[in-house]
Each structure stands twice: as structure tokens, then as C-alpha cells.
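Undergrad: I'd like to ask some things about the structure below.
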Amino acid sequence: MVCESNHISDRKQKPAGNREEVLTDIFYWNPFPLGDGGCQGVHIVEPLLFLFGENINKVRISNNKQNVTASLAYEDGKLATLIFKNLSRGWETFVETGEGLVKLESDVTKENPAKNYVDMVEMFRTGKEPRSHKSILSGIAVLESLEKSAVSGEWVNVPQID
């Protein structure tokens, strides 16, 4: 996947190769603006896989060059819809219940440093990965399938990882 910025920044441009500018560009980058797979897509897909399972069998990107959505179809019939925001930043997750749409919010107190950073440092220190290869590759398979769908506009089957 190629990470390119498509935002208009009010920040001064830094010299080419400046790491801070690259990280700034990636952070503000819209995940699937006009078809690119995107570097922020993982931050949207991974929580879904964690919450609802990795058994996504097909995906589809819908894109009218102004707005982008993605549909992720699970083997058991669940359907997740991702709506990529144009006017604001941040992720929100809603689920439909018998009471209507309910926003999912964590009841876990955030730690400093965050668990993902602690896990990453521990992985580099010990060589022990915090997740299985299968779990990591399942997310990558979904992202690659979304990227293919962004180009074709069609449903794309997600390869199953054994």
C-alpha cells in the first residue's frame, strides 16, 4: 500500500524527507479517498476484527468521488459499514440493538503509555509478538481486498488465512 497525503495542510511544508512531516501527512490522511488502500485503514478495520471477529468473507468500497463507504460482509451474516468522514476526524463505532443504534464506548481507563505502545516495546525487547500471525494477516487480507474493491467497485472475496 502506498501512503500519500491528500489533505490540504495549513502547516508550513517541511523539507523533503523530514520524518515529522511524513508522520503528520499519514496521520491526517483519509483512509480511502479515491481508491487508495490507505495507511489509516488498519485503524478502522482492526477494531472491527477484534470486536466482531475475523471471519469477513467479502468487502466492497462504494465511492462517488465525494463520499466513500465500505461494506464488510461476515460469514455469519453480519454486515459492517464503514463511513469515511469528510468534515471531521476520529473514529466512532455504533451497533444496532433492539433499542436502536448504540455508540460503543470503552469502559477501560486509558493508560499512559497506551497498551499498544507497551506491547510494541515488549515485542522488540523479547521478540514475542502480542498477536498471532493469523490475526495480523487477517487484517491485511481485508485491507488488500478493500483496495482491490476500491479499484473495481465490485465485491471482492477476502482470502481466508489458515
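Convention: chains lettered A, B, ... in C-alpha cells order; per-chain residue numbering from 1; ligands numbered from 1 as shown.
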So which residues touch Ala73 of chain A within 7 Å, counting only C-alpha atoms, skipping near sequence neighbours fewer than 2 positions away, as an MDAnalysis selection string?
TA: chainID A and resid 56:59 71 75 77:80
Undergrad: Could you name the residues that touch segment 83-93 of chain A at 6 Å or less, counting only C-alpha atoms, but leaving out those on the same chain fewer than 2 positions away, as a PyMOL selection string?
TA: chain A and resi 68-69+103-104
Undergrad: Any idea what the distance is between atom CA of Ile161 of chain A and atom CA of Ser135 of chain A?
TA: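 Atom CA of Ile161 of chain A sits 8.5 Å away from atom CA of Ser135 of chain A.
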Undergrad: Considering only strand (DSSP E or B) as DSSP defines it on the backbone, what residues of segment 63-95 of chain A qualify? List them as a list of chain:residue names.
TA: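 DSSP-assigned strand (DSSP E or B) residues in segment 63-95 of chain A: A:Asn63, A:Val68, A:Thr69, A:Ala70, A:Ser71, A:Leu72, A:Ala73, A:Tyr74, A:Leu79, A:Ala80, A:Thr81, A:Leu82, A:Ile83, A:Phe84, A:Thr93, A:Phe94, A:Val95.
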Undergrad: Hey, can you check how far atom CA of Asn55 of chain A sits from atom CA of Leu146 of chain A?
TA: 14.8 Å
Undergrad: Within segment 23-157 of chain A, find each residue whose DSSP state, derived from the backbone, is helix (DSSP H, G or I), and express the selection as a ChimeraX atom specification.
TA: /A:23-27,41-52,115-126,133-152
Undergrad: I need the residues from that last selection saved to file as an mmCIF file, in the first residue's frame (with C-alpha atoms), if you can.
TA:
data_model
loop_
_atom_site.group_PDB
_atom_site.id
_atom_site.type_symbol
_atom_site.label_atom_id
_atom_site.label_comp_id
_atom_site.auth_asym_id
_atom_site.auth_seq_id
_atom_site.Cartn_x
_atom_site.Cartn_y
_atom_site.Cartn_z
ATOM 1 C CA LEU A 23 4.052 11.284 10.059
ATOM 2 C CA THR A 24 1.830 14.381 10.009
ATOM 3 C CA ASP A 25 0.694 13.598 6.471
ATOM 4 C CA ILE A 26 -0.088 9.985 7.253
ATOM 5 C CA PHE A 27 -1.943 10.852 10.457
ATOM 6 C CA GLY A 41 -7.437 1.921 7.154
ATOM 7 C CA VAL A 42 -5.844 -0.525 9.580
ATOM 8 C CA HIS A 43 -7.011 1.635 12.485
ATOM 9 C CA ILE A 44 -10.590 1.266 11.328
ATOM 10 C CA VAL A 45 -10.518 -2.396 10.304
ATOM 11 C CA GLU A 46 -8.569 -3.854 13.248
ATOM 12 C CA PRO A 47 -11.048 -2.777 15.953
ATOM 13 C CA LEU A 48 -13.886 -4.364 13.955
ATOM 14 C CA LEU A 49 -11.957 -7.615 13.677
ATOM 15 C CA PHE A 50 -11.234 -7.521 17.400
ATOM 16 C CA LEU A 51 -14.836 -6.780 18.394
ATOM 17 C CA PHE A 52 -16.795 -8.842 15.880
ATOM 18 C CA LYS A 115 -1.175 -0.635 25.776
ATOM 19 C CA ASN A 116 -0.316 -0.744 22.074
ATOM 20 C CA TYR A 117 2.955 1.089 22.755
ATOM 21 C CA VAL A 118 3.778 -1.115 25.732
ATOM 22 C CA ASP A 119 3.092 -4.210 23.591
ATOM 23 C CA MET A 120 5.275 -2.877 20.783
ATOM 24 C CA VAL A 121 8.233 -2.161 23.057
ATOM 25 C CA GLU A 122 7.842 -5.571 24.708
ATOM 26 C CA MET A 123 7.783 -7.230 21.276
ATOM 27 C CA PHE A 124 11.061 -5.545 20.288
ATOM 28 C CA ARG A 125 12.588 -6.321 23.665
ATOM 29 C CA THR A 126 11.628 -10.015 23.808
ATOM 30 C CA HIS A 133 0.426 -14.128 12.643
ATOM 31 C CA LYS A 134 -3.024 -15.341 11.559
ATOM 32 C CA SER A 135 -4.692 -12.459 13.370
ATOM 33 C CA ILE A 136 -2.348 -9.887 11.831
ATOM 34 C CA LEU A 137 -2.616 -11.361 8.337
ATOM 35 C CA SER A 138 -6.428 -11.488 8.521
ATOM 36 C CA GLY A 139 -6.500 -7.712 8.861
ATOM 37 C CA ILE A 140 -4.051 -7.302 5.989
ATOM 38 C CA ALA A 141 -6.205 -9.592 3.804
ATOM 39 C CA VAL A 142 -9.240 -7.384 4.494
ATOM 40 C CA LEU A 143 -7.270 -4.213 3.672
ATOM 41 C CA GLU A 144 -5.899 -5.688 0.435
ATOM 42 C CA SER A 145 -9.397 -6.779 -0.576
ATOM 43 C CA LEU A 146 -10.742 -3.281 0.178
ATOM 44 C CA GLU A 147 -8.002 -1.847 -2.002
ATOM 45 C CA LYS A 148 -8.995 -4.146 -4.890
ATOM 46 C CA SER A 149 -12.649 -3.221 -4.448
ATOM 47 C CA ALA A 150 -11.798 0.488 -4.489
ATOM 48 C CA VAL A 151 -10.377 -0.027 -7.967
ATOM 49 C CA SER A 152 -13.096 -2.336 -9.322
#
Undergrad: What is the atom CA of Ala70 of chain A-atom CA of Phe94 of chain A distance in Å, reported with one decimal?
TA: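 Atom-to-atom, atom CA of Ala70 of chain A to atom CA of Phe94 of chain A, that is 14.8 Å.
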